[in-house]
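K.L.:
Contents are mmCIF, C-alpha atoms; file name entry_22.cif:
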```
data_input
loop_
_atom_site.label_atom_id
_atom_site.label_comp_id
_atom_site.auth_asym_id
_atom_site.auth_seq_id
_atom_site.Cartn_x
_atom_site.Cartn_y
_atom_site.Cartn_z
CA MET Y 1 41.28 70.03 6.67
CA GLU Y 2 39.14 69.79 9.79
CA ASN Y 3 41.79 68.73 12.30
CA ALA Y 4 42.32 70.79 15.45
CA ASP Y 5 45.77 69.26 16.15
CA SER Y 6 47.62 70.36 13.02
CA LEU Y 7 47.65 72.99 10.30
CA ARG Y 8 48.49 72.95 6.61
CA LEU Y 9 51.14 75.66 6.38
CA ALA Y 10 52.89 77.58 3.65
CA GLY Y 11 55.54 78.65 6.18
CA ILE Y 12 56.36 80.70 9.25
CA MET Y 13 58.29 83.84 10.07
CA ARG Y 14 59.80 83.69 13.53
CA GLU Y 15 60.04 87.46 14.03
CA SER Y 16 58.06 89.99 12.01
CA ILE Y 17 57.39 93.67 12.63
CA VAL Y 18 55.04 94.14 9.64
CA ASP Y 19 52.29 91.64 10.51
CA GLY Y 20 50.83 93.41 13.54
CA PRO Y 21 51.98 95.40 16.56
CA GLY Y 22 55.26 94.46 18.20
CA ILE Y 23 57.46 91.50 17.34
CA ARG Y 24 55.26 88.72 16.01
CA PHE Y 25 55.55 85.05 15.14
CA THR Y 26 53.68 84.78 11.83
CA VAL Y 27 52.01 81.59 10.66
CA PHE Y 28 51.26 81.50 6.91
CA CYS Y 29 48.54 78.96 6.25
CA GLN Y 30 48.15 77.06 3.01
CA GLY Y 31 44.94 77.37 1.01
CA CYS Y 32 43.01 80.41 -0.13
CA PRO Y 33 39.75 80.74 -2.06
CA HIS Y 34 40.11 84.47 -2.84
CA HIS Y 35 42.82 84.52 -5.56
CA CYS Y 36 43.26 88.29 -5.33
CA ALA Y 37 44.94 89.84 -8.37
CA ASP Y 38 48.63 90.53 -7.59
CA CYS Y 39 48.39 88.60 -4.32
CA HIS Y 40 51.50 88.96 -2.14
CA ASN Y 41 51.49 85.19 -1.39
CA PRO Y 42 50.12 83.39 -4.50
CA GLU Y 43 52.00 80.21 -3.57
CA THR Y 44 49.56 79.83 -0.66
CA HIS Y 45 46.45 79.43 -2.85
CA ALA Y 46 46.47 75.65 -3.42
CA PHE Y 47 44.70 73.83 -0.60
CA ASP Y 48 46.81 70.71 -1.13
CA GLY Y 49 50.17 72.51 -1.08
CA GLY Y 50 52.47 73.33 1.79
CA THR Y 51 53.20 71.00 4.68
CA VAL Y 52 51.26 69.72 7.66
CA CYS Y 53 52.61 70.87 11.03
CA SER Y 54 51.37 70.02 14.50
CA ILE Y 55 50.18 72.82 16.73
CA ASP Y 56 52.46 71.53 19.47
CA LYS Y 57 55.48 71.97 17.19
CA LEU Y 58 54.44 75.55 16.40
CA LEU Y 59 53.98 76.28 20.10
CA SER Y 60 57.44 74.95 20.91
CA GLU Y 61 58.86 77.42 18.36
CA ILE Y 62 56.76 80.27 19.74
CA ASP Y 63 57.90 79.47 23.29
CA LYS Y 64 61.57 79.87 22.29
CA ASP Y 65 61.19 83.64 21.78
CA PRO Y 66 60.61 85.74 24.93
CA LEU Y 67 60.47 88.94 22.82
CA LEU Y 68 57.19 88.10 21.08
CA ALA Y 69 54.19 90.39 21.53
CA GLY Y 70 51.97 87.91 19.78
CA VAL Y 71 51.22 85.55 16.94
CA THR Y 72 49.80 86.49 13.55
CA PHE Y 73 47.71 84.20 11.38
CA SER Y 74 48.18 85.04 7.71
CA GLY Y 75 47.75 83.23 4.49
CA GLY Y 76 46.41 81.86 2.52
CA GLU Y 77 43.14 82.17 4.40
CA PRO Y 78 43.30 81.22 8.10
CA PHE Y 79 39.50 81.06 8.36
CA CYS Y 80 39.53 78.07 5.97
CA GLN Y 81 41.18 76.10 8.82
CA PRO Y 82 39.21 77.56 11.73
CA GLU Y 83 39.28 74.53 14.03
CA ALA Y 84 43.06 74.29 14.09
CA PHE Y 85 43.63 78.06 14.23
CA THR Y 86 41.14 78.28 17.10
CA SER Y 87 43.08 75.61 18.96
CA LEU Y 88 46.35 77.45 18.33
CA ALA Y 89 44.80 80.80 19.30
CA ARG Y 90 43.60 79.41 22.65
CA LYS Y 91 47.12 78.23 23.48
CA VAL Y 92 48.64 81.53 22.31
CA LYS Y 93 46.26 83.44 24.61
CA GLU Y 94 47.24 81.13 27.54
CA ARG Y 95 50.77 82.52 27.02
CA ASN Y 96 49.45 86.09 27.32
CA LEU Y 97 50.28 86.81 23.69
CA SER Y 98 47.97 88.66 21.31
CA VAL Y 99 46.39 87.17 18.21
CA VAL Y 100 46.22 89.03 14.89
CA SER Y 101 44.30 87.39 12.05
CA PHE Y 102 44.42 88.39 8.40
CA SER Y 103 41.44 87.46 6.23
CA GLY Y 104 40.33 88.08 2.67
CA TYR Y 105 36.81 87.92 4.05
CA THR Y 106 35.28 90.99 5.70
CA LEU Y 107 34.30 90.86 9.35
CA GLU Y 108 30.66 90.82 8.29
CA GLN Y 109 31.23 87.85 5.97
CA LEU Y 110 33.06 85.99 8.75
CA GLN Y 111 30.22 86.65 11.16
CA GLU Y 112 27.80 85.23 8.61
CA LEU Y 113 30.07 82.21 7.99
CA SER Y 114 30.18 81.52 11.70
CA GLY Y 115 26.49 80.61 11.56
CA GLU Y 116 27.29 77.55 9.46
CA LYS Y 117 30.78 76.96 10.83
CA PRO Y 118 30.96 77.76 14.58
CA ALA Y 119 34.78 77.50 14.66
CA VAL Y 120 34.93 80.67 12.53
CA GLY Y 121 33.11 82.53 15.32
CA GLU Y 122 35.37 80.94 17.94
CA LEU Y 123 38.47 82.13 16.07
CA LEU Y 124 36.99 85.62 15.75
CA ALA Y 125 36.32 85.63 19.51
CA LEU Y 126 40.02 84.91 20.18
CA THR Y 127 41.31 87.49 17.68
CA ASP Y 128 42.55 90.79 19.10
CA ILE Y 129 43.11 92.52 15.76
CA LEU Y 130 41.51 91.50 12.46
CA ILE Y 131 42.85 92.78 9.16
CA ASP Y 132 39.92 92.10 6.86
CA GLY Y 133 38.95 92.26 3.22
CA PRO Y 134 40.55 91.11 -0.01
CA TYR Y 135 43.63 92.78 -1.41
CA GLN Y 136 42.51 95.04 -4.28
CA LYS Y 137 45.38 96.02 -6.55
CA GLU Y 138 43.58 99.16 -7.78
CA LYS Y 139 43.49 100.34 -4.13
CA ARG Y 140 47.12 99.46 -3.41
CA ASP Y 141 48.74 101.81 -0.91
CA LEU Y 142 52.20 101.06 0.44
CA THR Y 143 51.87 103.70 3.16
CA LEU Y 144 49.21 101.71 5.04
CA GLN Y 145 50.18 99.93 8.22
CA PHE Y 146 49.82 96.10 8.17
CA ARG Y 147 47.85 95.96 4.90
CA GLY Y 148 48.26 96.45 1.18
CA SER Y 149 45.09 98.14 -0.08
CA SER Y 150 42.87 100.90 1.29
CA ASN Y 151 39.70 98.77 1.37
CA GLN Y 152 41.21 96.56 4.07
CA ARG Y 153 40.49 97.43 7.69
CA VAL Y 154 42.56 96.97 10.83
CA ILE Y 155 39.83 96.19 13.36
CA ASP Y 156 40.25 96.28 17.13
CA MET Y 157 38.17 93.20 17.87
CA ASN Y 158 38.18 93.68 21.65
CA LYS Y 159 36.65 97.17 21.36
CA THR Y 160 34.35 95.99 18.56
CA ARG Y 161 32.97 93.23 20.79
CA GLN Y 162 32.48 95.72 23.66
CA SER Y 163 30.73 98.39 21.59
CA GLY Y 164 28.84 96.24 19.11
CA GLN Y 165 30.18 98.43 16.30
CA VAL Y 166 33.32 98.06 14.17
CA VAL Y 167 36.16 99.96 15.87
CA ILE Y 168 39.28 100.62 13.80
CA TRP Y 169 42.53 99.91 15.64
CA ASN Y 170 44.60 103.02 16.22
CA GLY Y 171 47.69 101.58 17.92
#
```
Can you give me the file's structure in the form of structure tokens?

P.N.:
Amino acid sequence: MENADSLRLAGIMRESIVDGPGIRFTVFCQGCPHHCADCHNPETHAFDGGTVCSIDKLLSEIDKDPLLAGVTFSGGEPFCQPEAFTSLARKVKERNLSVVSFSGYTLEQLQELSGEKPAVGELLALTDILIDGPYQKEKRDLTLQFRGSSNQRVIDMNKTRQSGQVVIWNG
């Protein structure tokens, strides 16, 4: 799906406190190539599942909640729909809300992918916090904030861009 006006979604959560800092509007995209064992959202794997939703409709729902600290892109794999998520992220940032993106890819893999698909780099540039890496059931740890396995990182993308080195978010 290479349309910047709509997303293929598995669903939304209007207010979440587990998908990033503060109260967040979470967008669960449809489609994931990773197929992690014991995935938390296996119903999101099929690329032809879910429903198509316009970005304008999502924004109208986001605008209804003055308590939001930001919007979280989860999955599925948001970076498989980078054009549309980039468009949504731009409009979220215009509202002075933060963007958190979950990805089964690592930051380094996404940076490499951005060479062949520039929208991946654009989405990374708009992301404030990236939770990266595939869920690994043998590294499952329920005490971790915002993630399910210890191999996954919570990356402060703003500080990472400034320093040129991966900076782990510390709240």

K.L.:
Box along x, y and z, 5 Å on every side, all listed atoms of range 123-140 of chain Y inside: centre and edge lengths in Å to one decimal, as lines of an AutoDock Vina configuration file.

P.N.:
```
center_x = 41.7
center_y = 91.2
center_z = 6.2
size_x = 20.8
size_y = 28.2
size_z = 38.0
```

K.L.:
Please identify all polymer residues within 6 Å of Val100 in chain Y, counting only C-alpha atoms, omitting same-chain residues fewer than 6 positions from it, and present them as an MDAnalysis selection string.

P.N.:
chainID Y and resid 72 127:130

K.L.:
So how far away is CA of Ala10 in chain Y from CA of Glu43 in chain Y, in Å?

P.N.:
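Pair CA of Glu43 in chain Y / CA of Ala10 in chain Y returns 7.7 Å.
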
K.L.:
Where does the PyMOL selection byres ((chain Y and resi 119) around 9) land in this file, that is, which residues does it pick, as a JSON list (two decimals) with C-alpha atoms, in the frame of the given file?

P.N.:
```json
[["chain", "number", "residue", "atom", "x", "y", "z"],
["Y", 79, "PHE", "CA", 39.50, 81.06, 8.36],
["Y", 81, "GLN", "CA", 41.18, 76.10, 8.82],
["Y", 82, "PRO", "CA", 39.21, 77.56, 11.73],
["Y", 83, "GLU", "CA", 39.28, 74.53, 14.03],
["Y", 84, "ALA", "CA", 43.06, 74.29, 14.09],
["Y", 85, "PHE", "CA", 43.63, 78.06, 14.23],
["Y", 86, "THR", "CA", 41.14, 78.28, 17.10],
["Y", 114, "SER", "CA", 30.18, 81.52, 11.70],
["Y", 117, "LYS", "CA", 30.78, 76.96, 10.83],
["Y", 118, "PRO", "CA", 30.96, 77.76, 14.58],
["Y", 120, "VAL", "CA", 34.93, 80.67, 12.53],
["Y", 121, "GLY", "CA", 33.11, 82.53, 15.32],
["Y", 122, "GLU", "CA", 35.37, 80.94, 17.94],
["Y", 123, "LEU", "CA", 38.47, 82.13, 16.07],
["Y", 124, "LEU", "CA", 36.99, 85.62, 15.75]]
```

K.L.:
Could I get the residues of range 69-164 of chain Y with an atom no further than 10 Å from an atom of range 18-32 of chain Y, each paired with its nearest atom pair and that distance in Å to one decimal, using all atoms listed in the file, sorted by chain and residue number, as JSON lines?

P.N.:
```
{"residue": "Y:Ala69", "atom": "CA", "partner": "Y:Gly22", "partner_atom": "CA", "distance": 5.4}
{"residue": "Y:Gly70", "atom": "CA", "partner": "Y:Arg24", "partner_atom": "CA", "distance": 5.1}
{"residue": "Y:Val71", "atom": "CA", "partner": "Y:Phe25", "partner_atom": "CA", "distance": 4.7}
{"residue": "Y:Thr72", "atom": "CA", "partner": "Y:Thr26", "partner_atom": "CA", "distance": 4.6}
{"residue": "Y:Phe73", "atom": "CA", "partner": "Y:Val27", "partner_atom": "CA", "distance": 5.1}
{"residue": "Y:Ser74", "atom": "CA", "partner": "Y:Phe28", "partner_atom": "CA", "distance": 4.8}
{"residue": "Y:Gly75", "atom": "CA", "partner": "Y:Phe28", "partner_atom": "CA", "distance": 4.6}
{"residue": "Y:Gly76", "atom": "CA", "partner": "Y:Cys32", "partner_atom": "CA", "distance": 4.5}
{"residue": "Y:Glu77", "atom": "CA", "partner": "Y:Cys32", "partner_atom": "CA", "distance": 4.9}
{"residue": "Y:Pro78", "atom": "CA", "partner": "Y:Cys29", "partner_atom": "CA", "distance": 6.0}
{"residue": "Y:Phe79", "atom": "CA", "partner": "Y:Cys32", "partner_atom": "CA", "distance": 9.2}
{"residue": "Y:Cys80", "atom": "CA", "partner": "Y:Gly31", "partner_atom": "CA", "distance": 7.4}
{"residue": "Y:Gln81", "atom": "CA", "partner": "Y:Cys29", "partner_atom": "CA", "distance": 8.3}
{"residue": "Y:Phe85", "atom": "CA", "partner": "Y:Cys29", "partner_atom": "CA", "distance": 9.4}
{"residue": "Y:Leu97", "atom": "CA", "partner": "Y:Arg24", "partner_atom": "CA", "distance": 9.4}
{"residue": "Y:Ser98", "atom": "CA", "partner": "Y:Arg24", "partner_atom": "CA", "distance": 9.0}
{"residue": "Y:Val99", "atom": "CA", "partner": "Y:Gly20", "partner_atom": "CA", "distance": 9.0}
{"residue": "Y:Val100", "atom": "CA", "partner": "Y:Gly20", "partner_atom": "CA", "distance": 6.5}
{"residue": "Y:Ser101", "atom": "CA", "partner": "Y:Gly20", "partner_atom": "CA", "distance": 9.0}
{"residue": "Y:Phe102", "atom": "CA", "partner": "Y:Asp19", "partner_atom": "CA", "distance": 8.8}
{"residue": "Y:Ser103", "atom": "CA", "partner": "Y:Cys32", "partner_atom": "CA", "distance": 9.6}
{"residue": "Y:Gly104", "atom": "CA", "partner": "Y:Cys32", "partner_atom": "CA", "distance": 8.6}
{"residue": "Y:Ile129", "atom": "CA", "partner": "Y:Gly20", "partner_atom": "CA", "distance": 8.1}
{"residue": "Y:Leu130", "atom": "CA", "partner": "Y:Gly20", "partner_atom": "CA", "distance": 9.6}
{"residue": "Y:Ile131", "atom": "CA", "partner": "Y:Gly20", "partner_atom": "CA", "distance": 9.1}
{"residue": "Y:Gln145", "atom": "CA", "partner": "Y:Val18", "partner_atom": "CA", "distance": 7.7}
{"residue": "Y:Phe146", "atom": "CA", "partner": "Y:Asp19", "partner_atom": "CA", "distance": 5.6}
{"residue": "Y:Arg147", "atom": "CA", "partner": "Y:Asp19", "partner_atom": "CA", "distance": 8.4}
{"residue": "Y:Val154", "atom": "CA", "partner": "Y:Gly20", "partner_atom": "CA", "distance": 9.4}
```

K.L.:
Which residues are near Ser87 in chain Y? Cut-off 12 Å, all atoms listed in the file, ignore same chain within fewer than 5 positions. Put them as an MDAnalysis selection string.

P.N.:
chainID Y and resid 2:7 54:56 58:59 81:82 92:94 119:120 122:123 126
